[in-house]
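Participant: One file: coords-v3.tsv (TSV, C-alpha atoms (C1' of nucleotides)).
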```tsv
chain	number	residue	atom	x	y	z
A	17	MET	CA	-45.89	-26.43	-48.40
A	18	ASP	CA	-43.66	-25.27	-45.58
A	19	ALA	CA	-42.23	-27.06	-42.56
A	20	LEU	CA	-45.40	-26.52	-40.57
A	21	ASP	CA	-47.52	-28.21	-43.21
A	22	LYS	CA	-45.16	-31.16	-43.20
A	23	LYS	CA	-45.43	-31.38	-39.45
A	24	ILE	CA	-49.20	-31.38	-39.70
A	25	ILE	CA	-49.06	-34.18	-42.25
A	26	ALA	CA	-46.63	-36.16	-40.13
A	27	GLU	CA	-48.92	-35.99	-37.12
A	28	LEU	CA	-51.92	-37.05	-39.15
A	29	GLN	CA	-50.02	-39.98	-40.55
A	30	LEU	CA	-49.50	-41.15	-37.00
A	31	ASP	CA	-53.07	-40.47	-35.94
A	32	GLY	CA	-55.54	-39.58	-38.62
A	33	ARG	CA	-58.29	-38.91	-36.12
A	34	LEU	CA	-56.51	-36.19	-34.17
A	35	THR	CA	-58.82	-33.33	-33.36
A	36	VAL	CA	-57.77	-30.01	-34.80
A	37	THR	CA	-57.36	-28.76	-31.25
A	38	GLU	CA	-54.90	-31.51	-30.40
A	39	LEU	CA	-53.17	-31.17	-33.76
A	40	ALA	CA	-52.72	-27.45	-33.19
A	41	ALA	CA	-51.13	-28.14	-29.83
A	42	ARG	CA	-48.68	-30.64	-31.31
A	43	VAL	CA	-47.49	-28.29	-34.01
A	44	ASN	CA	-47.43	-25.26	-31.71
A	45	LEU	CA	-50.06	-23.26	-33.47
A	46	SER	CA	-53.39	-21.94	-32.38
A	47	VAL	CA	-56.51	-23.66	-33.59
A	48	SER	CA	-57.67	-21.33	-36.35
A	49	PRO	CA	-54.58	-21.20	-38.54
A	50	CYS	CA	-54.05	-24.89	-37.98
A	51	HIS	CA	-57.55	-25.50	-39.18
A	52	ARG	CA	-57.04	-23.32	-42.22
A	53	ARG	CA	-53.83	-25.09	-43.17
A	54	LEU	CA	-55.47	-28.46	-42.78
A	55	ARG	CA	-58.29	-27.48	-45.11
A	56	GLU	CA	-55.81	-26.27	-47.68
A	57	LEU	CA	-53.84	-29.50	-47.50
A	58	GLU	CA	-57.03	-31.43	-48.02
A	59	GLU	CA	-58.30	-29.27	-50.84
A	60	SER	CA	-55.00	-29.17	-52.69
A	61	GLY	CA	-54.93	-32.95	-52.64
A	62	ALA	CA	-51.78	-33.22	-50.55
A	63	ILE	CA	-53.88	-35.12	-48.03
A	64	ARG	CA	-55.96	-37.46	-50.14
A	65	GLY	CA	-58.13	-38.83	-47.39
A	66	TYR	CA	-58.15	-40.75	-44.14
A	67	ARG	CA	-58.38	-44.46	-43.55
A	68	ALA	CA	-58.94	-46.73	-40.65
A	69	ILE	CA	-56.12	-49.28	-40.55
A	70	VAL	CA	-57.76	-52.65	-40.11
A	71	ASP	CA	-56.31	-55.83	-38.70
A	72	LEU	CA	-56.71	-58.42	-41.43
A	73	ASN	CA	-56.91	-61.37	-39.07
A	74	SER	CA	-59.68	-59.73	-37.05
A	75	MET	CA	-61.62	-59.45	-40.27
A	76	GLY	CA	-61.14	-63.13	-41.04
A	77	LEU	CA	-58.74	-62.32	-43.86
A	78	SER	CA	-55.62	-64.27	-43.02
A	79	PHE	CA	-54.28	-65.12	-46.44
A	80	GLU	CA	-52.20	-62.49	-48.19
A	81	SER	CA	-50.38	-63.13	-51.41
A	82	LEU	CA	-48.57	-61.38	-54.20
A	83	VAL	CA	-49.34	-62.16	-57.81
A	84	PHE	CA	-46.96	-61.16	-60.56
A	85	ALA	CA	-48.51	-60.77	-63.98
A	86	THR	CA	-46.85	-60.63	-67.36
A	87	LEU	CA	-48.94	-59.63	-70.37
A	88	ARG	CA	-48.60	-60.87	-73.92
A	89	TRP	CA	-46.64	-58.34	-75.93
A	90	GLU	CA	-48.84	-58.92	-78.97
A	91	ASP	CA	-51.87	-58.02	-76.90
A	92	ARG	CA	-50.52	-54.78	-75.56
A	93	ASP	CA	-53.55	-52.92	-76.85
A	94	THR	CA	-55.44	-54.70	-74.08
A	95	VAL	CA	-53.42	-52.90	-71.40
A	96	PRO	CA	-56.18	-50.44	-70.45
A	97	GLU	CA	-58.67	-53.25	-70.42
A	98	PHE	CA	-56.44	-55.36	-68.19
A	99	GLU	CA	-55.85	-52.48	-65.81
A	100	GLU	CA	-59.50	-51.70	-65.48
A	101	ALA	CA	-60.35	-55.34	-64.90
A	102	VAL	CA	-57.68	-55.72	-62.21
A	103	ALA	CA	-58.93	-52.65	-60.40
A	104	SER	CA	-62.39	-54.11	-60.21
A	105	VAL	CA	-61.42	-57.30	-58.40
A	106	PRO	CA	-62.27	-56.57	-54.76
A	107	GLN	CA	-59.65	-58.92	-53.34
A	108	VAL	CA	-56.88	-57.00	-55.10
A	109	VAL	CA	-55.98	-54.41	-52.48
A	110	GLN	CA	-52.91	-53.01	-54.18
A	111	ALA	CA	-51.79	-53.11	-57.80
A	112	GLU	CA	-49.16	-51.38	-59.88
A	113	ARG	CA	-47.51	-51.45	-63.22
A	114	LEU	CA	-43.76	-51.98	-63.13
A	115	PHE	CA	-40.79	-51.43	-65.40
A	116	GLY	CA	-39.21	-54.62	-66.68
A	117	GLU	CA	-40.63	-58.04	-65.97
A	118	PRO	CA	-43.11	-58.86	-64.62
A	119	ASP	CA	-45.42	-56.12	-65.87
A	120	TYR	CA	-47.66	-55.95	-62.80
A	121	LEU	CA	-47.63	-56.68	-59.13
A	122	LEU	CA	-50.95	-57.41	-57.45
A	123	ARG	CA	-51.53	-57.84	-53.75
A	124	VAL	CA	-54.42	-60.14	-52.98
A	125	VAL	CA	-56.13	-60.60	-49.62
A	126	THR	CA	-58.54	-63.45	-48.95
A	127	ALA	CA	-59.89	-65.45	-46.04
A	128	ASP	CA	-57.83	-68.55	-46.83
A	129	LEU	CA	-56.02	-70.54	-49.47
A	130	GLU	CA	-59.23	-71.91	-50.90
A	131	ALA	CA	-60.66	-68.44	-51.42
A	132	PHE	CA	-57.39	-67.39	-53.01
A	133	GLN	CA	-57.46	-70.27	-55.46
A	134	LYS	CA	-60.90	-69.25	-56.50
A	135	VAL	CA	-59.88	-65.64	-57.06
A	136	TYR	CA	-56.74	-66.74	-58.87
A	137	ASP	CA	-58.51	-69.12	-61.22
A	138	GLU	CA	-61.70	-67.23	-61.80
A	139	GLN	CA	-60.75	-63.58	-61.50
A	140	LEU	CA	-57.06	-63.25	-62.27
A	141	ALA	CA	-56.05	-66.03	-64.66
A	142	THR	CA	-58.89	-64.98	-66.91
A	143	LEU	CA	-57.89	-61.32	-67.16
A	144	PRO	CA	-57.48	-60.02	-70.71
A	145	GLY	CA	-53.98	-60.20	-72.21
A	146	VAL	CA	-52.38	-62.27	-69.46
A	147	GLN	CA	-49.46	-64.39	-70.58
A	148	ARG	CA	-48.32	-65.67	-67.22
A	149	LEU	CA	-49.08	-65.31	-63.53
A	150	THR	CA	-46.76	-66.34	-60.73
A	151	SER	CA	-47.52	-65.94	-57.10
A	152	THR	CA	-46.08	-66.08	-53.63
A	153	ILE	CA	-47.49	-65.92	-50.14
A	154	VAL	CA	-46.72	-63.25	-47.61
A	155	MET	CA	-45.11	-64.99	-44.63
A	156	LYS	CA	-44.72	-62.01	-42.36
A	157	ARG	CA	-45.13	-58.27	-42.51
A	158	LEU	CA	-42.13	-56.32	-41.32
A	159	VAL	CA	-43.14	-52.79	-42.20
A	160	GLU	CA	-46.66	-51.80	-42.98
A	161	ASP	CA	-47.71	-48.44	-44.27
A	162	ARG	CA	-44.99	-46.51	-42.60
A	163	PRO	CA	-45.39	-42.74	-42.32
A	164	LEU	CA	-43.21	-41.08	-44.92
A	165	LYS	CA	-39.72	-39.82	-44.38
A	166	SER	CA	-39.22	-36.52	-46.10
B	21	MET	CA	-67.77	-59.07	-34.77
B	22	ASP	CA	-71.17	-58.91	-36.40
B	23	ALA	CA	-72.42	-57.32	-39.57
B	24	LEU	CA	-72.82	-53.95	-37.90
B	25	ASP	CA	-69.19	-53.92	-36.80
B	26	LYS	CA	-68.14	-54.73	-40.35
B	27	LYS	CA	-70.27	-51.90	-41.65
B	28	ILE	CA	-68.63	-49.53	-39.18
B	29	ILE	CA	-65.21	-50.66	-40.31
B	30	ALA	CA	-66.15	-50.33	-43.97
B	31	GLU	CA	-67.28	-46.75	-43.45
B	32	LEU	CA	-64.12	-45.85	-41.59
B	33	GLN	CA	-62.01	-47.34	-44.32
B	34	LEU	CA	-63.66	-44.94	-46.72
B	35	ASP	CA	-63.40	-41.97	-44.39
B	36	GLY	CA	-61.33	-42.39	-41.23
B	37	ARG	CA	-62.32	-38.98	-39.94
B	38	LEU	CA	-66.05	-39.52	-39.89
B	39	THR	CA	-67.58	-38.13	-36.75
B	40	VAL	CA	-69.32	-40.70	-34.58
B	41	THR	CA	-72.56	-38.86	-35.22
B	42	GLU	CA	-72.20	-39.21	-38.96
B	43	LEU	CA	-70.98	-42.80	-38.63
B	44	ALA	CA	-74.00	-43.68	-36.54
B	45	ALA	CA	-76.29	-42.24	-39.18
B	46	ARG	CA	-74.63	-44.26	-41.94
B	47	VAL	CA	-74.95	-47.56	-40.12
B	48	ASN	CA	-78.46	-46.81	-38.85
B	49	LEU	CA	-77.66	-46.76	-35.19
B	50	SER	CA	-77.94	-44.10	-32.56
B	51	VAL	CA	-74.81	-42.39	-31.38
B	52	SER	CA	-74.17	-44.14	-28.08
B	53	PRO	CA	-74.08	-47.76	-29.18
B	54	CYS	CA	-72.16	-46.78	-32.26
B	55	HIS	CA	-69.63	-45.08	-30.07
B	56	ARG	CA	-69.39	-48.08	-27.80
B	57	ARG	CA	-68.86	-50.45	-30.70
B	58	LEU	CA	-66.20	-48.21	-32.12
B	59	ARG	CA	-64.29	-48.18	-28.87
B	60	GLU	CA	-64.46	-51.94	-28.68
B	61	LEU	CA	-63.18	-52.30	-32.22
B	62	GLU	CA	-60.30	-50.02	-31.37
B	63	GLU	CA	-59.48	-51.68	-28.08
B	64	SER	CA	-59.67	-55.21	-29.43
B	65	GLY	CA	-57.18	-54.23	-32.13
B	66	ALA	CA	-59.55	-54.84	-35.02
B	67	ILE	CA	-59.05	-51.19	-35.89
B	68	ARG	CA	-55.35	-50.63	-35.49
B	69	GLY	CA	-55.33	-46.91	-36.02
B	70	TYR	CA	-56.07	-44.14	-38.48
B	71	ARG	CA	-53.88	-42.64	-41.13
B	72	ALA	CA	-53.94	-39.64	-43.38
B	73	ILE	CA	-53.37	-40.81	-46.94
B	74	VAL	CA	-50.76	-38.52	-48.38
B	75	ASP	CA	-50.06	-37.69	-52.00
B	76	LEU	CA	-46.44	-38.66	-52.58
B	77	ASN	CA	-45.87	-36.13	-55.31
B	78	SER	CA	-47.15	-33.28	-53.17
B	79	MET	CA	-44.55	-34.28	-50.62
B	80	GLY	CA	-41.80	-34.21	-53.19
B	81	LEU	CA	-41.51	-37.98	-53.15
B	82	SER	CA	-41.93	-38.98	-56.75
B	83	PHE	CA	-39.74	-42.06	-56.98
B	84	GLU	CA	-41.22	-45.35	-55.86
B	85	SER	CA	-39.47	-48.65	-56.31
B	86	LEU	CA	-39.60	-52.26	-55.27
B	87	VAL	CA	-36.49	-54.04	-54.05
B	88	PHE	CA	-36.38	-57.82	-53.88
B	89	ALA	CA	-33.88	-59.25	-51.43
B	90	THR	CA	-32.51	-62.75	-51.18
B	91	LEU	CA	-30.48	-63.69	-48.12
B	92	ARG	CA	-27.54	-66.07	-47.97
B	93	TRP	CA	-28.76	-69.42	-46.74
B	94	GLU	CA	-25.60	-69.93	-44.70
B	95	ASP	CA	-26.32	-66.68	-42.89
B	96	ARG	CA	-29.87	-67.50	-41.95
B	97	ASP	CA	-29.13	-66.84	-38.33
B	98	THR	CA	-28.92	-63.19	-39.33
B	99	VAL	CA	-32.61	-63.13	-40.29
B	100	PRO	CA	-33.78	-61.26	-37.19
B	101	GLU	CA	-30.93	-58.82	-37.57
B	102	PHE	CA	-31.79	-58.23	-41.21
B	103	GLU	CA	-35.44	-57.70	-40.43
B	104	GLU	CA	-34.74	-55.22	-37.70
B	105	ALA	CA	-32.33	-53.33	-39.90
B	106	VAL	CA	-34.80	-53.15	-42.79
B	107	ALA	CA	-37.51	-51.85	-40.51
B	108	SER	CA	-35.29	-49.01	-39.42
B	109	VAL	CA	-34.68	-47.59	-42.87
B	110	PRO	CA	-37.11	-44.68	-43.10
B	111	GLN	CA	-37.46	-44.84	-46.88
B	112	VAL	CA	-38.73	-48.41	-46.68
B	113	VAL	CA	-42.47	-47.86	-46.38
B	114	GLN	CA	-43.55	-51.48	-46.72
B	115	ALA	CA	-41.64	-54.73	-46.24
B	116	GLU	CA	-42.53	-58.38	-45.96
B	117	ARG	CA	-41.02	-61.80	-45.88
B	118	LEU	CA	-42.20	-64.11	-48.63
B	119	PHE	CA	-42.29	-67.81	-49.31
B	120	GLY	CA	-39.96	-68.95	-52.07
B	121	GLU	CA	-37.56	-66.64	-53.80
B	122	PRO	CA	-36.89	-63.82	-53.28
B	123	ASP	CA	-37.04	-63.83	-49.49
B	124	TYR	CA	-38.20	-60.23	-49.04
B	125	LEU	CA	-40.03	-57.53	-50.86
B	126	LEU	CA	-39.30	-53.94	-49.87
B	127	ARG	CA	-41.11	-50.86	-51.11
B	128	VAL	CA	-38.92	-47.79	-51.16
B	129	VAL	CA	-40.06	-44.19	-51.57
B	130	THR	CA	-37.62	-41.36	-52.28
B	131	ALA	CA	-37.59	-37.92	-53.83
B	132	ASP	CA	-35.81	-39.05	-56.98
B	133	LEU	CA	-33.50	-41.59	-58.57
B	134	GLU	CA	-30.44	-40.07	-57.01
B	135	ALA	CA	-31.89	-40.37	-53.53
B	136	PHE	CA	-32.88	-43.94	-54.30
B	137	GLN	CA	-29.35	-44.84	-55.40
B	138	LYS	CA	-28.05	-43.53	-52.14
B	139	VAL	CA	-30.52	-45.54	-50.08
B	140	TYR	CA	-29.87	-48.60	-52.21
B	141	ASP	CA	-26.10	-48.44	-51.91
B	142	GLU	CA	-25.76	-47.19	-48.38
B	143	GLN	CA	-28.77	-48.58	-46.55
B	144	LEU	CA	-29.95	-51.67	-48.39
B	145	ALA	CA	-26.97	-53.29	-50.10
B	146	THR	CA	-25.15	-53.22	-46.79
B	147	LEU	CA	-27.85	-55.00	-44.80
B	148	PRO	CA	-26.64	-58.08	-42.91
B	149	GLY	CA	-26.98	-61.43	-44.69
B	150	VAL	CA	-27.92	-60.05	-48.11
B	151	GLN	CA	-26.94	-62.25	-51.04
B	152	ARG	CA	-28.64	-60.35	-53.82
B	153	LEU	CA	-30.90	-57.38	-54.39
B	154	THR	CA	-32.86	-56.73	-57.53
B	155	SER	CA	-35.14	-53.79	-58.07
B	156	THR	CA	-37.76	-52.32	-60.31
B	157	ILE	CA	-39.52	-48.99	-60.53
B	158	VAL	CA	-43.21	-48.44	-60.04
B	159	MET	CA	-44.53	-47.01	-63.30
B	160	LYS	CA	-48.13	-46.46	-62.30
B	161	ARG	CA	-50.37	-47.25	-59.40
B	162	LEU	CA	-53.62	-48.95	-60.33
B	163	VAL	CA	-55.03	-49.79	-56.93
B	164	GLU	CA	-53.83	-48.20	-53.76
B	165	ASP	CA	-54.89	-49.25	-50.32
B	166	ARG	CA	-58.29	-50.45	-51.29
B	167	PRO	CA	-60.83	-50.95	-48.51
B	168	LEU	CA	-61.17	-54.65	-47.83
B	169	LYS	CA	-63.76	-56.92	-49.32
B	170	SER	CA	-65.41	-59.12	-46.71
C	7	DA	C1'	-77.48	-54.00	-25.87
C	8	DA	C1'	-79.91	-49.75	-27.61
C	9	DT	C1'	-81.86	-45.13	-26.37
C	10	DG	C1'	-82.08	-40.27	-24.78
C	11	DA	C1'	-80.35	-36.53	-22.47
C	12	DA	C1'	-76.90	-33.43	-20.55
C	13	DA	C1'	-72.14	-31.70	-19.52
C	14	DT	C1'	-67.81	-31.15	-21.57
C	15	DG	C1'	-65.15	-30.20	-25.34
C	16	DA	C1'	-64.24	-29.36	-30.55
C	17	DT	C1'	-65.25	-27.07	-34.88
C	18	DA	C1'	-65.59	-23.43	-37.97
C	19	DG	C1'	-66.44	-18.71	-38.96
C	20	DC	C1'	-65.33	-13.85	-38.06
C	21	DA	C1'	-63.43	-9.78	-36.30
C	22	DT	C1'	-58.88	-8.11	-34.87
C	23	DT	C1'	-53.82	-7.39	-34.89
D	21	DA	C1'	-51.03	-15.02	-41.67
D	22	DA	C1'	-51.69	-15.79	-36.75
D	23	DT	C1'	-54.75	-14.95	-32.68
D	24	DG	C1'	-58.95	-14.89	-29.74
D	25	DC	C1'	-63.74	-15.10	-29.41
D	26	DT	C1'	-68.29	-17.26	-30.01
D	27	DA	C1'	-72.16	-19.81	-31.67
D	28	DT	C1'	-72.94	-24.30	-33.26
D	29	DC	C1'	-72.18	-29.00	-33.25
D	30	DA	C1'	-69.95	-33.46	-31.66
D	31	DT	C1'	-68.31	-36.37	-28.06
D	32	DT	C1'	-68.74	-39.02	-24.19
D	33	DT	C1'	-70.85	-40.43	-19.93
D	34	DC	C1'	-74.78	-41.94	-17.37
D	35	DA	C1'	-79.39	-43.04	-16.20
D	36	DT	C1'	-83.21	-45.60	-18.38
D	37	DT	C1'	-85.66	-49.18	-21.10
```
For this file, produce the structure as structure tokens.
Facilitator:
Amino acid sequence: MDALDKKIIAELQLDGRLTVTELAARVNLSVSPCHRRLRELEESGAIRGYRAIVDLNSMGLSFESLVFATLRWEDRDTVPEFEEAVASVPQVVQAERLFGEPDYLLRVVTADLEAFQKVYDEQLATLPGVQRLTSTIVMKRLVEDRPLKS
Amino acid sequence: MDALDKKIIAELQLDGRLTVTELAARVNLSVSPCHRRLRELEESGAIRGYRAIVDLNSMGLSFESLVFATLRWEDRDTVPEFEEAVASVPQVVQAERLFGEPDYLLRVVTADLEAFQKVYDEQLATLPGVQRLTSTIVMKRLVEDRPLKS
DNA sequence: AATGAAATGATAGCATT
DNA sequence: AATGCTATCATTTCATT
């Protein structure tokens, strides 16, 4: 992965729908080698895919919250089970395991508070191995999905 | 925004580089109206853009951490200043203001621990109005940027 | 608001340097 | 590994239903 590849990636982080022709122009390359490099980046997994970035409010999803989960230490054999279950809750749009406490951070998106309560009570509080959940609401997004500095 | 628009959005969340021809086929529409709807979704801001999803490790960025920031209450007039400053740190890829404590959650991506320390000490700890930072490391991602349920 | 058709422009493969 | 060429396919506009 040389500087040109990084430039290609940077452009596609800004606009994932750039045509190869336009991309080639921006990185000062002709179309064919640009196309070849792009395919290699995709096939090597460096570029994992492309996503439309959607406005949550336009979709009627205006309630975003973070849920911190701590598991029971005695039940730590349920970790894989917990992780699988979390990943299958559609309203959980981001989830990760952390060092220290809490064990997990989940990002939950719903239409409103009522829908959140339902997800919290029925989908999250009942997950296997959960000792404690705490949650907070996202007041304002400052930085969202910023293209990477490297 | 009707069901067809939501279907279009759902498809583009799965593959943001779908051609309009292919998109039209997937939502059972002919090319022209599909194209028109897509333009309207883009122009209304419902679709905010398109991004390549990049593999952090391939980019040499293998250290991901969360930094929680609490501001001094006396300095709450520095809030806008703090927010602007946070948004201008390139390694901060996601940031939001929360209800309760802590006040902010920042997601920081760097090449390694050493690079993180540098960002933490030089860019984050020195931000205006900061009372306390605490941080944790992301051990494992379970769910990343999931397409929205709705 | 969807369809079909036609001109412009992009993609992807290949031969060349 | 980059370039230029070319056939194929997609995009985008417009007239029509």
Participant: For chain D, which of B:Lys169, B:Lys138, B:Arg56, B:Arg161 is the closest residue, counting only C-alpha atoms (C1' of nucleotides)?
Facilitator: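 Going through B:Lys169, B:Lys138, B:Arg56, B:Arg161 one by one, the smallest distance to chain D is for B:Arg56.
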Participant: Could you give the RMSD, in Å, left over when chain A is least-squares superposed onto chain B across all Cα atoms paired sequentially?
Facilitator: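 RMSD over all C-alpha atoms: 0.0 Å.
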Participant: Using only C-alpha atoms (C1' of nucleotides), pick whichever of B:Leu91, B:Ala23, B:Leu61, B:Val51 has the shortest atom-to-atom distance to chain C.
Facilitator: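 Of B:Leu91, B:Ala23, B:Leu61, B:Val51, the one nearest chain C is B:Val51, counting only C-alpha atoms (C1' of nucleotides).
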Participant: Wanna dump the chain D-chain A contacts at 12 Å for me, each residue with its shortest atom pair and the distance in Å to one decimal, counting only C-alpha atoms (C1' of nucleotides), ordered by chain and number, as CSV?
Facilitator:
```
residue,atom,partner,partner_atom,distance
D:DA21,C1',A:Pro49,CA,7.8
D:DA22,C1',A:Pro49,CA,6.4
D:DT23,C1',A:Ser46,CA,7.1
D:DG24,C1',A:Ser48,CA,9.3
D:DC25,C1',A:Ser48,CA,11.1
D:DA30,C1',A:Thr35,CA,11.3
D:DT31,C1',A:Thr35,CA,11.3
```
Participant: Compute the distance from (-63.3, -46.3, -50.3) to each atom, counting only C-alpha atoms (C1' of nucleotides), keep the residues with any atom at most 7 Å away, and return them as a list in words; use the coordinates of the file.
Facilitator: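 Nearby residues: Gln33, Leu34, Arg166 and Pro167 of chain B.
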Participant: Just need the residues of chain C within 10 Å of chain A, counting all atoms listed in the file, so spit them out as a ChimeraX atom specification.
Facilitator: /C:15-19
